>>> print(open('protein18.pdb').read())   # PDB, C-alpha atoms
ATOM      1  CA  ASN A   7       0.084  63.416 -11.599
ATOM      2  CA  ASP A   8       2.330  61.433 -13.930
ATOM      3  CA  PRO A   9       4.568  63.810 -15.932
ATOM      4  CA  ALA A  10       4.512  61.386 -18.860
ATOM      5  CA  HIS A  11       0.733  61.681 -19.248
ATOM      6  CA  GLU A  12       0.085  65.286 -18.302
ATOM      7  CA  ASP A  13      -0.430  66.388 -21.908
ATOM      8  CA  ILE A  14      -2.812  64.282 -24.002
ATOM      9  CA  PHE A  15      -1.694  66.090 -27.150
ATOM     10  CA  VAL A  16       1.905  64.843 -26.955
ATOM     11  CA  ASP A  17       2.729  62.618 -29.952
ATOM     12  CA  ALA A  18       3.378  58.901 -29.459
ATOM     13  CA  GLU A  19       7.153  59.142 -29.987
ATOM     14  CA  GLU A  20       7.508  61.912 -27.393
ATOM     15  CA  LEU A  21       5.288  60.000 -24.977
ATOM     16  CA  ARG A  22       7.439  56.897 -25.365
ATOM     17  CA  ARG A  23      10.608  58.926 -24.781
ATOM     18  CA  ARG A  24       9.188  60.420 -21.569
ATOM     19  CA  GLU A  25       8.106  57.014 -20.286
ATOM     20  CA  GLN A  26      11.584  55.581 -20.970
ATOM     21  CA  GLN A  27      13.168  58.499 -19.136
ATOM     22  CA  LEU A  28      10.850  58.049 -16.134
ATOM     23  CA  ALA A  29      11.592  54.310 -16.045
ATOM     24  CA  ALA A  30      15.351  54.986 -16.135
ATOM     25  CA  MET A  31      15.106  57.542 -13.316
ATOM     26  CA  GLU A  32      12.971  55.157 -11.249
ATOM     27  CA  ALA A  33      15.617  52.439 -11.680
ATOM     28  CA  LEU A  34      18.401  54.850 -10.686
ATOM     29  CA  LYS A  35      16.434  55.886  -7.600
ATOM     30  CA  ARG A  36      16.035  52.245  -6.523
ATOM     31  CA  ILE A  37      19.763  51.579  -6.997
ATOM     32  CA  TYR A  38      20.670  54.720  -5.019
ATOM     33  CA  LYS A  39      18.393  53.842  -2.086
ATOM     34  CA  ALA A  40      19.440  50.189  -2.008
ATOM     35  CA  LYS A  41      23.199  50.467  -2.581
ATOM     36  CA  ILE A  42      24.544  54.011  -2.245
ATOM     37  CA  LYS A  43      22.436  55.656   0.463
ATOM     38  CA  PRO A  44      23.334  53.055   3.155
ATOM     39  CA  VAL A  45      27.039  53.778   2.535
ATOM     40  CA  GLU A  46      26.406  57.551   2.735
ATOM     41  CA  ASP A  47      24.532  57.078   6.014
ATOM     42  CA  ALA A  48      27.276  54.865   7.469
ATOM     43  CA  PHE A  49      29.978  57.458   6.748
ATOM     44  CA  ARG A  50      27.728  60.503   7.474
ATOM     45  CA  PHE A  51      28.426  61.776   3.977
ATOM     46  CA  SER A  52      25.678  64.419   4.084
ATOM     47  CA  SER A  53      27.185  66.125   7.138
ATOM     48  CA  PHE A  54      30.408  67.142   5.375
ATOM     49  CA  TYR A  55      29.514  67.322   1.696
ATOM     50  CA  GLN A  56      25.996  67.586   0.308
ATOM     51  CA  SER A  57      22.618  66.384   1.471
ATOM     52  CA  GLU A  58      21.283  63.027   0.372
ATOM     53  CA  LEU A  59      19.313  62.864  -2.873
ATOM     54  CA  SER A  60      15.544  63.219  -2.635
ATOM     55  CA  ASP A  61      12.977  61.866  -5.084
ATOM     56  CA  GLY A  62      12.813  65.342  -6.613
ATOM     57  CA  ASP A  63      16.513  65.220  -7.520
ATOM     58  CA  PHE A  64      15.946  62.185  -9.737
ATOM     59  CA  PHE A  65      12.910  63.495 -11.581
ATOM     60  CA  ALA A  66      13.935  67.172 -11.828
ATOM     61  CA  LYS A  67      14.539  68.642 -15.260
ATOM     62  CA  PRO A  68      18.005  69.995 -16.155
ATOM     63  CA  MET A  69      18.618  73.353 -14.450
ATOM     64  CA  VAL A  70      20.045  76.500 -16.077
ATOM     65  CA  LEU A  71      21.470  78.980 -13.553
ATOM     66  CA  MET A  72      21.646  82.716 -14.398
ATOM     67  CA  ILE A  73      24.332  84.786 -12.645
ATOM     68  CA  GLY A  74      25.262  88.421 -13.154
ATOM     69  CA  GLN A  75      25.341  91.897 -11.697
ATOM     70  CA  TYR A  76      22.126  93.864 -11.303
ATOM     71  CA  SER A  77      20.351  95.065 -14.453
ATOM     72  CA  VAL A  78      22.372  92.941 -16.890
ATOM     73  CA  GLY A  79      19.151  91.362 -18.190
ATOM     74  CA  LYS A  80      18.866  88.011 -16.393
ATOM     75  CA  THR A  81      15.106  88.240 -15.836
ATOM     76  CA  SER A  82      14.563  89.682 -19.338
ATOM     77  CA  PHE A  83      16.594  86.762 -20.736
ATOM     78  CA  ILE A  84      14.259  84.296 -18.998
ATOM     79  CA  ARG A  85      11.206  86.232 -20.225
ATOM     80  CA  TYR A  86      12.570  86.034 -23.781
ATOM     81  CA  LEU A  87      13.046  82.257 -23.518
ATOM     82  CA  LEU A  88       9.528  81.785 -22.119
ATOM     83  CA  GLU A  89       8.061  84.157 -24.738
ATOM     84  CA  ARG A  90       5.766  85.567 -22.057
ATOM     85  CA  ASP A  91       5.631  87.313 -18.686
ATOM     86  CA  PHE A  92       5.816  85.124 -15.599
ATOM     87  CA  PRO A  93       4.643  85.573 -11.987
ATOM     88  CA  GLY A  94       7.162  87.297  -9.739
ATOM     89  CA  GLN A  95       9.185  88.910 -12.521
ATOM     90  CA  ARG A  96      10.622  92.336 -11.780
ATOM     91  CA  ILE A  97      12.442  94.178 -14.560
ATOM     92  CA  GLY A  98      14.046  97.627 -14.377
ATOM     93  CA  PRO A  99      17.346  99.556 -14.543
ATOM     94  CA  GLU A 100      17.721  99.407 -10.742
ATOM     95  CA  PRO A 101      18.355  96.204  -8.660
ATOM     96  CA  THR A 102      14.885  94.637  -9.010
ATOM     97  CA  THR A 103      15.184  90.866  -8.461
ATOM     98  CA  ASP A 104      15.829  90.575  -4.723
ATOM     99  CA  ARG A 105      15.366  86.809  -4.430
ATOM    100  CA  PHE A 106      16.271  83.472  -5.965
ATOM    101  CA  LEU A 107      13.521  82.424  -8.363
ATOM    102  CA  ALA A 108      13.155  78.876  -9.738
ATOM    103  CA  VAL A 109      11.004  78.919 -12.882
ATOM    104  CA  MET A 110       9.591  75.438 -13.468
ATOM    105  CA  GLU A 111       6.959  73.654 -15.516
ATOM    106  CA  GLY A 112       3.432  73.560 -14.106
ATOM    107  CA  THR A 113      -0.107  73.050 -15.332
ATOM    108  CA  SER A 114      -1.128  76.512 -14.087
ATOM    109  CA  GLU A 115       0.512  79.711 -12.871
ATOM    110  CA  ARG A 116       1.392  79.776  -9.177
ATOM    111  CA  ILE A 117       4.095  80.946  -6.791
ATOM    112  CA  ILE A 118       5.328  78.546  -4.101
ATOM    113  CA  PRO A 119       7.131  80.157  -1.100
ATOM    114  CA  GLY A 120      10.647  78.937  -0.410
ATOM    115  CA  ASN A 121       9.711  77.404   2.952
ATOM    116  CA  ALA A 122       7.102  75.183   1.268
ATOM    117  CA  ALA A 123       9.308  74.268  -1.723
ATOM    118  CA  ALA A 124      12.207  73.236   0.553
ATOM    119  CA  VAL A 125      10.115  70.603   2.380
ATOM    120  CA  ASP A 126       8.513  69.190  -0.770
ATOM    121  CA  SER A 127      10.401  65.971  -1.571
ATOM    122  CA  ALA A 128       8.985  66.023  -5.105
ATOM    123  CA  LYS A 129      11.107  69.112  -5.820
ATOM    124  CA  PRO A 130      14.931  69.236  -5.926
ATOM    125  CA  PHE A 131      15.272  71.938  -3.244
ATOM    126  CA  VAL A 132      15.196  69.960   0.013
ATOM    127  CA  GLY A 133      18.905  70.667   0.604
ATOM    128  CA  LEU A 134      18.265  74.414   0.776
ATOM    129  CA  THR A 135      16.915  74.108   4.326
ATOM    130  CA  LYS A 136      20.502  74.293   5.627
ATOM    131  CA  PHE A 137      20.703  77.969   4.590
ATOM    132  CA  GLY A 138      18.025  78.908   7.128
ATOM    133  CA  THR A 139      14.860  80.982   7.187
ATOM    134  CA  ALA A 140      16.594  84.196   6.055
ATOM    135  CA  PHE A 141      17.378  82.570   2.710
ATOM    136  CA  LEU A 142      14.100  80.665   2.327
ATOM    137  CA  ASN A 143      12.230  83.959   2.735
ATOM    138  CA  ARG A 144      14.195  85.120  -0.320
ATOM    139  CA  PHE A 145      13.475  82.055  -2.429
ATOM    140  CA  GLU A 146      10.404  81.268  -4.531
ATOM    141  CA  VAL A 147       9.371  78.626  -7.040
ATOM    142  CA  VAL A 148       7.269  79.813  -9.961
ATOM    143  CA  GLU A 149       5.291  77.225 -11.913
ATOM    144  CA  LEU A 150       3.698  77.956 -15.273
ATOM    145  CA  PRO A 151       2.964  76.211 -18.582
ATOM    146  CA  SER A 152       5.599  76.926 -21.265
ATOM    147  CA  PRO A 153       7.075  74.733 -24.044
ATOM    148  CA  ILE A 154      10.707  75.346 -23.004
ATOM    149  CA  LEU A 155       9.951  74.353 -19.390
ATOM    150  CA  ASN A 156       9.029  70.857 -20.638
ATOM    151  CA  SER A 157      12.785  70.313 -21.013
ATOM    152  CA  ILE A 158      14.568  72.621 -18.539
ATOM    153  CA  SER A 159      14.086  74.673 -15.365
ATOM    154  CA  LEU A 160      15.498  78.200 -15.059
ATOM    155  CA  ILE A 161      17.030  79.721 -11.912
ATOM    156  CA  ASP A 162      17.036  83.522 -11.653
ATOM    157  CA  THR A 163      19.327  85.024  -9.007
ATOM    158  CA  PRO A 164      19.473  88.436  -7.285
ATOM    159  CA  GLY A 165      21.611  91.008  -9.059
ATOM    160  CA  ILE A 166      25.123  90.992  -7.649
ATOM    161  CA  LEU A 167      25.915  94.334  -6.048
ATOM    162  CA  SER A 168      29.117  96.185  -5.308
ATOM    163  CA  GLY A 169      30.085  97.141  -1.779
ATOM    164  CA  GLU A 170      30.317  95.377   1.562
ATOM    165  CA  LYS A 171      27.117  96.911   2.970
ATOM    166  CA  GLN A 172      24.781  95.100   0.551
ATOM    167  CA  ARG A 173      26.609  91.805   1.081
ATOM    168  CA  VAL A 174      26.220  91.952   4.866
ATOM    169  CA  GLU A 175      22.575  92.987   4.674
ATOM    170  CA  ARG A 176      21.533  89.970   2.596
ATOM    171  CA  GLY A 177      21.194  87.958   5.825
ATOM    172  CA  TYR A 178      22.482  84.717   4.274
ATOM    173  CA  ASP A 179      25.658  83.464   2.605
ATOM    174  CA  PHE A 180      25.111  84.435  -1.034
ATOM    175  CA  GLU A 181      28.247  82.745  -2.390
ATOM    176  CA  GLU A 182      27.523  79.422  -0.674
ATOM    177  CA  THR A 183      23.949  79.502  -1.946
ATOM    178  CA  VAL A 184      25.145  80.102  -5.516
ATOM    179  CA  LYS A 185      27.625  77.251  -5.067
ATOM    180  CA  TRP A 186      24.772  74.909  -4.016
ATOM    181  CA  PHE A 187      22.793  75.741  -7.153
ATOM    182  CA  ALA A 188      25.915  75.594  -9.368
ATOM    183  CA  GLU A 189      26.750  72.057  -8.223
ATOM    184  CA  ARG A 190      23.279  70.908  -9.293
ATOM    185  CA  ALA A 191      22.900  73.033 -12.432
ATOM    186  CA  ASP A 192      23.570  71.575 -15.860
ATOM    187  CA  ARG A 193      24.443  74.936 -17.405
ATOM    188  CA  ILE A 194      25.607  78.205 -15.787
ATOM    189  CA  LEU A 195      25.115  81.412 -17.758
ATOM    190  CA  LEU A 196      27.333  84.278 -16.594
ATOM    191  CA  LEU A 197      25.705  87.433 -17.980
ATOM    192  CA  PHE A 198      27.482  90.734 -18.574
ATOM    193  CA  ASP A 199      26.094  94.057 -19.787
ATOM    194  CA  ALA A 200      27.953  95.516 -22.779
ATOM    195  CA  HIS A 201      27.748  98.924 -21.043
ATOM    196  CA  LYS A 202      28.911  97.771 -17.558
ATOM    197  CA  LEU A 203      31.928  95.491 -17.662
ATOM    198  CA  ASP A 204      33.313  96.170 -14.181
ATOM    199  CA  ILE A 205      33.543  93.073 -11.979
ATOM    200  CA  SER A 206      32.569  93.916  -8.387
ATOM    201  CA  ASP A 207      34.130  92.226  -5.363
ATOM    202  CA  GLU A 208      30.985  90.151  -4.739
ATOM    203  CA  LEU A 209      30.861  89.013  -8.380
ATOM    204  CA  LYS A 210      34.543  88.089  -8.156
ATOM    205  CA  ARG A 211      33.876  85.980  -5.042
ATOM    206  CA  THR A 212      30.855  84.409  -6.744
ATOM    207  CA  ILE A 213      32.906  83.454  -9.813
ATOM    208  CA  GLU A 214      35.579  81.980  -7.530
ATOM    209  CA  VAL A 215      33.055  79.627  -5.850
ATOM    210  CA  LEU A 216      32.201  78.284  -9.331
ATOM    211  CA  LYS A 217      35.626  76.635  -9.517
ATOM    212  CA  GLY A 218      35.244  73.011 -10.511
ATOM    213  CA  GLN A 219      32.140  73.822 -12.588
ATOM    214  CA  ASP A 220      34.120  75.318 -15.495
ATOM    215  CA  GLU A 221      32.679  72.997 -18.138
ATOM    216  CA  LYS A 222      29.153  74.218 -17.304
ATOM    217  CA  ILE A 223      29.899  77.957 -17.588
ATOM    218  CA  ARG A 224      29.075  80.008 -20.666
ATOM    219  CA  VAL A 225      29.586  83.773 -20.743
ATOM    220  CA  VAL A 226      26.800  85.836 -22.331
ATOM    221  CA  LEU A 227      27.547  89.424 -23.408
ATOM    222  CA  ASN A 228      24.047  90.838 -23.160
ATOM    223  CA  LYS A 229      22.775  94.043 -24.873
ATOM    224  CA  SER A 230      25.588  93.736 -27.441
ATOM    225  CA  ASP A 231      23.153  94.784 -30.189
ATOM    226  CA  SER A 232      23.099  98.285 -28.652
ATOM    227  CA  VAL A 233      26.765  98.998 -29.536
ATOM    228  CA  THR A 234      28.504  99.326 -32.893
ATOM    229  CA  PRO A 235      30.657  96.437 -34.258
ATOM    230  CA  GLN A 236      33.820  98.454 -33.533
ATOM    231  CA  GLN A 237      32.715  99.127 -29.943
ATOM    232  CA  LEU A 238      31.756  95.469 -29.594
ATOM    233  CA  MET A 239      35.307  94.354 -30.417
ATOM    234  CA  ARG A 240      36.686  96.679 -27.719
ATOM    235  CA  VAL A 241      34.028  95.545 -25.217
ATOM    236  CA  TYR A 242      34.774  91.884 -25.955
ATOM    237  CA  GLY A 243      38.507  92.410 -25.450
ATOM    238  CA  ALA A 244      37.950  94.300 -22.188
ATOM    239  CA  LEU A 245      35.618  91.567 -20.892
ATOM    240  CA  MET A 246      38.106  88.787 -21.680
ATOM    241  CA  TRP A 247      40.862  90.782 -19.960
ATOM    242  CA  SER A 248      38.713  91.355 -16.843
ATOM    243  CA  LEU A 249      37.681  87.691 -16.659
ATOM    244  CA  GLY A 250      41.274  86.572 -17.175
ATOM    245  CA  LYS A 251      42.229  88.287 -13.896
ATOM    246  CA  VAL A 252      39.441  86.508 -11.987
ATOM    247  CA  ILE A 253      39.422  83.048 -13.567
ATOM    248  CA  ARG A 254      42.889  81.541 -13.420
ATOM    249  CA  SER A 255      42.762  79.226 -16.389
ATOM    250  CA  PRO A 256      44.979  78.770 -19.473
ATOM    251  CA  GLU A 257      41.849  78.308 -21.602
ATOM    252  CA  VAL A 258      39.633  81.203 -22.628
ATOM    253  CA  LEU A 259      36.040  80.995 -21.394
ATOM    254  CA  ARG A 260      33.402  80.493 -24.059
TER     255      ARG A 260
END
>>> encode(input="protein18.pdb", output="structure tokens")
Amino acid sequence: NDPAHEDIFVDAEELRRREQQLAAMEALKRIYKAKIKPVEDAFRFSSFYQSELSDGDFFAKPMVLMIGQYSVGKTSFIRYLLERDFPGQRIGPEPTTDRFLAVMEGTSERIIPGNAAAVDSAKPFVGLTKFGTAFLNRFEVVELPSPILNSISLIDTPGILSGEKQRVERGYDFEETVKWFAERADRILLLFDAHKLDISDELKRTIEVLKGQDEKIRVVLNKSDSVTPQQLMRVYGALMWSLGKVIRSPEVLR
């Protein structure tokens, strides 16, 4: 199951690029296991920072993490990028996505439960075992064939709610889980609805755990085509003002 040869219709230049990338990752993996991992083991690095790298971490595609309040269009955004429906998608005006969903490349459509994905060393999710069964029951990996998934993997997250009751009833530490994904993601998309700009307490805490990942964050004002240009200017100003109170930074977020 060599990723470089899974598609016989890939042109020669693309095939060569994939083989070079695989060779580079294989070399990095050897260096890590020979030189870096022994030092991590000696100082018990994984017990106070992050878990050691698995084979899946080296060969995983770049991850794009979607974060936002419920019904801002995270799942619809992924559906638009894929140009098709995907297994496990739930779209509606109410809080519909109740789990973390990793959308990855695969030769056929299938859903892998979180418990199975977290023990598969070929996938970059081995470190999620520390969040326990309550979280893994709310995590799934979806595999399907799609051109965009040849280059990236997409992470859909549950809609962030307002109120303490929902936070307690999740059964796992939502902010720490988001932080784990954010540290490994290559891009973080913070989605806002042009009609709902309020930042709930849980969203505020979630944004705060993204500190240190500022260069990865991009803010997306979704559904902006449903307001007039004049309203859009007011919405944009209100959003920047709200974010300015949460993100203490002299630079304006992009």
>>> closest_residue(input="protein18.pdb", among="A:Ala188, A:Val241, A:Leu87, A:Ile97", to="Lys202 in chain A", atoms="all atoms listed in the file")
A:Val241
>>> closest_residue(input="protein18.pdb", among="A:Asp47, A:Glu32, A:Asp179, A:Glu149", to="Asp63 in chain A", atoms="only C-alpha atoms")
A:Glu32
>>> closest_residue(input="protein18.pdb", among="A:Ser206, A:Ser152, A:Ser230, A:Ser127", to="Ser114 in chain A", atoms="all atoms listed in the file")
A:Ser152
>>> closest_atom_pairs(input="protein18.pdb", of="range 60-88 of chain A", to="range 155-160 of chain A", cutoff="9 Å", atoms="all atoms listed in the file", output="JSON lines")
{"residue": "A:Ala66", "atom": "CA", "partner": "A:Ser159", "partner_atom": "CA", "distance": 8.3}
{"residue": "A:Lys67", "atom": "CA", "partner": "A:Ile158", "partner_atom": "CA", "distance": 5.2}
{"residue": "A:Pro68", "atom": "CA", "partner": "A:Ile158", "partner_atom": "CA", "distance": 4.9}
{"residue": "A:Met69", "atom": "CA", "partner": "A:Ser159", "partner_atom": "CA", "distance": 4.8}
{"residue": "A:Val70", "atom": "CA", "partner": "A:Leu160", "partner_atom": "CA", "distance": 5.0}
{"residue": "A:Leu71", "atom": "CA", "partner": "A:Leu160", "partner_atom": "CA", "distance": 6.2}
{"residue": "A:Met72", "atom": "CA", "partner": "A:Leu160", "partner_atom": "CA", "distance": 7.7}
{"residue": "A:Ile84", "atom": "CA", "partner": "A:Leu160", "partner_atom": "CA", "distance": 7.4}
{"residue": "A:Leu88", "atom": "CA", "partner": "A:Leu155", "partner_atom": "CA", "distance": 7.9}
>>> closest_residue(input="protein18.pdb", among="A:Leu28, A:Leu209, A:Val233, A:Val226", to="Val252 in chain A", atoms="only C-alpha atoms")
A:Leu209
>>> closest_residue(input="protein18.pdb", among="A:Ala108, A:Gln75, A:Val125, A:Phe145", to="Lys210 in chain A", atoms="all atoms listed in the file")
A:Gln75
>>> closest_residue(input="protein18.pdb", among="A:Ser232, A:Gln27, A:Arg105, A:Phe51", to="Ile161 in chain A", atoms="only C-alpha atoms")
A:Arg105
>>> atom_distance(input="protein18.pdb", atom1="CA of Leu216 in chain A", atom2="CA of Gly74 in chain A")
12.9 Å
>>> resolve_selection(input="protein18.pdb", expression="the PyMOL selection byres ((chain A and resi 219-225) around 12)", output="PyMOL selection string")
chain A and resi 68-74+184-199+213-218+226-228+242+245-246+249+253-255+257-260
>>> atom_distance(input="protein18.pdb", atom1="CA of Pro153 in chain A", atom2="CA of Ser77 in chain A")
26.1 Å
>>> atom_distance(input="protein18.pdb", atom1="CA of Glu58 in chain A", atom2="CA of Gly138 in chain A")
17.6 Å
>>> resolve_selection(input="protein18.pdb", expression="the PyMOL selection byres ((chain A and resi 163) around 6)", output="JSON list (two decimals) with C-alpha atoms, in the coordinates of the input")
[["chain", "number", "residue", "atom", "x", "y", "z"],
["A", 106, "PHE", "CA", 16.27, 83.47, -5.96],
["A", 162, "ASP", "CA", 17.04, 83.52, -11.65],
["A", 164, "PRO", "CA", 19.47, 88.44, -7.28]]
>>> resolve_selection(input="protein18.pdb", expression="the PyMOL selection byres ((chain A and resi 92) around 10)", output="MDAnalysis selection string")
chainID A and resid 81 84:85 88:91 93:96 109 115:117 148:152
>>> residues_around(input="protein18.pdb", residues="Leu142 in chain A", least_positions_apart="2", cutoff="12 Å", atoms="only C-alpha atoms", output="NGL selection string")
:A and (105-107 or 118-125 or 131-140 or 144-147 or 176-179 or 183)
>>> write_last_selection(input="protein18.pdb", atoms="C-alpha atoms", output="mmCIF file, in the frame of the given file")
data_model
loop_
_atom_site.group_PDB
_atom_site.id
_atom_site.type_symbol
_atom_site.label_atom_id
_atom_site.label_comp_id
_atom_site.auth_asym_id
_atom_site.auth_seq_id
_atom_site.Cartn_x
_atom_site.Cartn_y
_atom_site.Cartn_z
ATOM 1 C CA ARG A 105 15.366 86.809 -4.430
ATOM 2 C CA PHE A 106 16.271 83.472 -5.965
ATOM 3 C CA LEU A 107 13.521 82.424 -8.363
ATOM 4 C CA ILE A 118 5.328 78.546 -4.101
ATOM 5 C CA PRO A 119 7.131 80.157 -1.100
ATOM 6 C CA GLY A 120 10.647 78.937 -0.410
ATOM 7 C CA ASN A 121 9.711 77.404 2.952
ATOM 8 C CA ALA A 122 7.102 75.183 1.268
ATOM 9 C CA ALA A 123 9.308 74.268 -1.723
ATOM 10 C CA ALA A 124 12.207 73.236 0.553
ATOM 11 C CA VAL A 125 10.115 70.603 2.380
ATOM 12 C CA PHE A 131 15.272 71.938 -3.244
ATOM 13 C CA VAL A 132 15.196 69.960 0.013
ATOM 14 C CA GLY A 133 18.905 70.667 0.604
ATOM 15 C CA LEU A 134 18.265 74.414 0.776
ATOM 16 C CA THR A 135 16.915 74.108 4.326
ATOM 17 C CA LYS A 136 20.502 74.293 5.627
ATOM 18 C CA PHE A 137 20.703 77.969 4.590
ATOM 19 C CA GLY A 138 18.025 78.908 7.128
ATOM 20 C CA THR A 139 14.860 80.982 7.187
ATOM 21 C CA ALA A 140 16.594 84.196 6.055
ATOM 22 C CA ARG A 144 14.195 85.120 -0.320
ATOM 23 C CA PHE A 145 13.475 82.055 -2.429
ATOM 24 C CA GLU A 146 10.404 81.268 -4.531
ATOM 25 C CA VAL A 147 9.371 78.626 -7.040
ATOM 26 C CA ARG A 176 21.533 89.970 2.596
ATOM 27 C CA GLY A 177 21.194 87.958 5.825
ATOM 28 C CA TYR A 178 22.482 84.717 4.274
ATOM 29 C CA ASP A 179 25.658 83.464 2.605
ATOM 30 C CA THR A 183 23.949 79.502 -1.946
#
>>> residues_around(input="protein18.pdb", residues="Arg36 in chain A", least_positions_apart="5", cutoff="12 Å", atoms="all atoms listed in the file", output="PyMOL selection string")
chain A and resi 29-31+41-43+59-61+64
>>> write_last_selection(input="protein18.pdb", atoms="C-alpha atoms", output="PDB file, in the coordinates of the input")
ATOM      1  CA  ALA A  29      11.592  54.310 -16.045  1.00  0.00           C
ATOM      2  CA  ALA A  30      15.351  54.986 -16.135  1.00  0.00           C
ATOM      3  CA  MET A  31      15.106  57.542 -13.316  1.00  0.00           C
ATOM      4  CA  LYS A  41      23.199  50.467  -2.581  1.00  0.00           C
ATOM      5  CA  ILE A  42      24.544  54.011  -2.245  1.00  0.00           C
ATOM      6  CA  LYS A  43      22.436  55.656   0.463  1.00  0.00           C
ATOM      7  CA  LEU A  59      19.313  62.864  -2.873  1.00  0.00           C
ATOM      8  CA  SER A  60      15.544  63.219  -2.635  1.00  0.00           C
ATOM      9  CA  ASP A  61      12.977  61.866  -5.084  1.00  0.00           C
ATOM     10  CA  PHE A  64      15.946  62.185  -9.737  1.00  0.00           C
TER      11      PHE A  64
END
